[in-house]
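What follows is one structure encoded as structure tokens, with my remarks underneath.
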Amino acid sequence: MNFRRVLLIGELETDPSAGLAALRRVAPEAEELHVVAHAPGPGFGWVAGDSAEAAPLVERLRRATTGAAPSVDLLVASELDAGGITSLAGRTGVDLVVLDRPRRAALSVAAEVRNQLALPILCV
């Protein structure tokens with residue numbers, strides 16, 4: 001299969017290298033990468049703004065995703081919403097979803113995306 005538009009779902013505070021390595025193996029010619037970085041809990045309320053605390057994590061993710069695809073879109077989400085992520089995947093024509101070290105919330109979202117859009121899910 002030749003995946004061109006990939007959605008990567010991971011946690012903002014974790015190193016994204018495992019998910020990105022898997023993505024590069026299964027979708028080496030990806031044209032678009034849409035990243036949803038989950039920043040859960042009350043301790044991450046600052047993510048919505050441009051705080052000094054969020055900047056290093058967001059910048060690390062930006063650097064890590066550089067070169068994974070010609071077009072990279074990064075979204076930091078304080079909550080993983082199945083409807084919103086399904087809408088994003090449908091609107092952007094995603095043809096593969098990669099879960100980077102998923103927690104329960106990400107697994108639930110991926111199941112809903114798979115049910116609604118019949119997309120392949122790669123769990124790393």
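Chains: A, B, ... in order of the structure tokens. Residues: from 1 per chain. Ligands: from 1, in order shown.
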Enumerate the residues of chain A with a DSSP assignment of alpha helix (DSSP H), computed from the backbone, and present them as JSON, numbers by chain. {"A": [17, 18, 19, 20, 21, 22, 23, 24, 25, 26, 55, 56, 57, 58, 59, 60, 61, 62, 63, 64, 65, 82, 83, 84, 85, 86, 87, 88, 89, 90, 91, 92, 104, 105, 106, 107, 108, 109, 110, 111, 112, 113, 114, 115, 116, 117]}
Neighbours of Glu31 (chain A) within 7 Å (only C-alpha atoms; same-chain residues fewer than 2 positions away dropped), as an NGL selection string? :A and (4-5 or 29 or 33 or 69-71)
So that I have them on file, write out the residues from the current selection with N, CA and C atoms, as a PDB file, in the first residue's frame.
ATOM      1  N   ARG A   4      -0.054   8.185   1.464  1.00  0.00           N
ATOM      2  CA  ARG A   4       0.371   9.547   1.110  1.00  0.00           C
ATOM      3  C   ARG A   4       0.036  10.588   2.178  1.00  0.00           C
ATOM      4  N   ARG A   5      -1.080  10.368   2.892  1.00  0.00           N
ATOM      5  CA  ARG A   5      -1.534  11.334   3.895  1.00  0.00           C
ATOM      6  C   ARG A   5      -1.707  10.592   5.223  1.00  0.00           C
ATOM      7  N   GLU A  29       6.981   7.722   1.241  1.00  0.00           N
ATOM      8  CA  GLU A  29       6.656   8.763   0.268  1.00  0.00           C
ATOM      9  C   GLU A  29       5.450   9.586   0.683  1.00  0.00           C
ATOM     10  N   LEU A  33       1.711  15.044   6.529  1.00  0.00           N
ATOM     11  CA  LEU A  33       1.701  14.473   7.868  1.00  0.00           C
ATOM     12  C   LEU A  33       0.925  15.421   8.761  1.00  0.00           C
ATOM     13  N   ALA A  69       7.552  14.438   5.900  1.00  0.00           N
ATOM     14  CA  ALA A  69       6.702  14.660   4.726  1.00  0.00           C
ATOM     15  C   ALA A  69       6.919  16.104   4.280  1.00  0.00           C
ATOM     16  N   PRO A  70       6.678  16.392   3.012  1.00  0.00           N
ATOM     17  CA  PRO A  70       6.835  17.778   2.551  1.00  0.00           C
ATOM     18  C   PRO A  70       5.915  18.759   3.281  1.00  0.00           C
ATOM     19  N   SER A  71       4.737  18.290   3.665  1.00  0.00           N
ATOM     20  CA  SER A  71       3.786  19.142   4.379  1.00  0.00           C
ATOM     21  C   SER A  71       3.506  18.526   5.746  1.00  0.00           C
TER      22      SER A  71
END
If DSSP is run on the backbone, what residues of region 10-111 of chain A are strand (DSSP E or B)? A reply as a PyMOL selection string would be ideal. chain A and resi 10-11+32-38+71-77+96-99
CA of Leu119 (chain A) to CA of Val94 (chain A), distance in Å rounded to a single decimal: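 Distance reported for this atom pair: 8.1 Å.
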Hey, what's within 12 Å of region 59-62 of chain A if we count only C-alpha atoms and toss same-chain stuff fewer than 4 positions away? As number ranges by chain, please? A: 8-17, 19-20, 33-38, 50, 52-55, 66-68, 71-76
Output of the above residues as a PDB file, in the first residue's frame, restricted to C-alpha atoms:
ATOM      1  CA  LEU A   8       0.111  10.641  13.761  1.00  0.00           C
ATOM      2  CA  ILE A   9      -1.430  10.709  17.241  1.00  0.00           C
ATOM      3  CA  GLY A  10       0.891  10.834  20.238  1.00  0.00           C
ATOM      4  CA  GLU A  11       1.573  12.456  23.578  1.00  0.00           C
ATOM      5  CA  LEU A  12       3.260  15.851  23.621  1.00  0.00           C
ATOM      6  CA  GLU A  13       5.504  14.962  26.549  1.00  0.00           C
ATOM      7  CA  THR A  14       6.887  11.737  25.019  1.00  0.00           C
ATOM      8  CA  ASP A  15       9.616  11.351  22.448  1.00  0.00           C
ATOM      9  CA  PRO A  16       7.935  10.864  19.030  1.00  0.00           C
ATOM     10  CA  SER A  17      10.852   8.970  17.478  1.00  0.00           C
ATOM     11  CA  GLY A  19       6.090   6.609  15.798  1.00  0.00           C
ATOM     12  CA  LEU A  20       8.018   8.653  13.260  1.00  0.00           C
ATOM     13  CA  LEU A  33       1.701  14.473   7.868  1.00  0.00           C
ATOM     14  CA  HIS A  34      -0.931  15.653  10.311  1.00  0.00           C
ATOM     15  CA  VAL A  35       0.219  15.384  13.925  1.00  0.00           C
ATOM     16  CA  VAL A  36      -2.115  15.524  16.913  1.00  0.00           C
ATOM     17  CA  ALA A  37      -0.041  15.850  20.086  1.00  0.00           C
ATOM     18  CA  HIS A  38      -2.109  15.158  23.180  1.00  0.00           C
ATOM     19  CA  ASP A  50       2.617  30.374  23.858  1.00  0.00           C
ATOM     20  CA  ALA A  52       7.723  29.242  28.024  1.00  0.00           C
ATOM     21  CA  GLU A  53       6.860  25.800  29.446  1.00  0.00           C
ATOM     22  CA  ALA A  54       5.187  24.545  26.258  1.00  0.00           C
ATOM     23  CA  ALA A  55       7.721  25.915  23.819  1.00  0.00           C
ATOM     24  CA  THR A  66      10.857  17.857   9.903  1.00  0.00           C
ATOM     25  CA  GLY A  67      11.446  15.833   6.750  1.00  0.00           C
ATOM     26  CA  ALA A  68       8.820  13.181   7.535  1.00  0.00           C
ATOM     27  CA  SER A  71       3.786  19.142   4.379  1.00  0.00           C
ATOM     28  CA  VAL A  72       3.564  18.821   8.174  1.00  0.00           C
ATOM     29  CA  ASP A  73       0.647  20.153  10.205  1.00  0.00           C
ATOM     30  CA  LEU A  74       1.004  20.157  13.989  1.00  0.00           C
ATOM     31  CA  LEU A  75      -1.949  20.402  16.369  1.00  0.00           C
ATOM     32  CA  VAL A  76      -1.636  20.327  20.156  1.00  0.00           C
TER      33      VAL A  76
END
Go ahead and compute the interatomic distance for CA of Val124 (chain A) and CA of Ala39 (chain A), in Å to one decimal.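 Between these atoms lies a distance of 18.6 Å.
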